[in-house]
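Here is the structure we will look at, set down as C-alpha cells.
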Amino acid sequence: MRLVVEPTGCLVSAAARAMQSELKGQRVGVRVSGGNVEIARFCALVER
C-alpha cells in the first residue's frame, strides 16, 4: 500500500504512547495523516 506518514502527522501517536499509563483502560483513537508527496518526489527532495 506504500503508506507514508509525515513527521507531524504521527505526533499524536507518539503522545498516546507517552501517556500510556494515563490512558490505560480507555479506548483511544489515533488519526495518522500525511503522504501527500509521492515517494519519488520525496526522495529527490531528501537527496538535496
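Order determines the names: the first chain of the C-alpha cells is A, the second B, and so forth; residues in each chain are numbered 1 upward, and ligands are numbered 1 upward as they are shown.
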
key: All helix (DSSP H, G or I) residues (DSSP, backbone) inside chain A, as a count of residues only   = 25

Just want the 9 Å neighbourhood of A:Arg31, counted on only C-alpha atoms, with same-chain residues fewer than 2 positions away dropped. Output as a CSV table (one decimal) with C-alpha atoms, in the first residue's frame.
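Saved to out.csv:
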```
chain,number,residue,atom,x,y,z
A,9,GLY,CA,1.1,13.6,11.2
A,10,CYS,CA,2.3,10.9,13.6
A,12,VAL,CA,-0.5,12.2,18.2
A,13,SER,CA,0.7,8.5,18.1
A,29,GLY,CA,-8.4,6.7,18.6
A,33,SER,CA,-2.1,11.8,8.4
```

Non-local contacts of stretch 36-42 of chain A (9 Å; only C-alpha atoms; under 5 positions in same chain excluded) as a list of chain:residue names =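 Close residues of stretch 36-42 of chain A: A:Arg2, A:Val4, A:Val5, A:Glu6, A:Glu47.
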
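Omitting A:Val28 and its sequence neighbours fewer than 4 positions away, and counting only C-alpha atoms, the residues within 12 Å are Val12, Ser13, Ala15, Ala16, Arg17, Met19, Gln20, Glu22, Leu23 and Lys24 of chain A.
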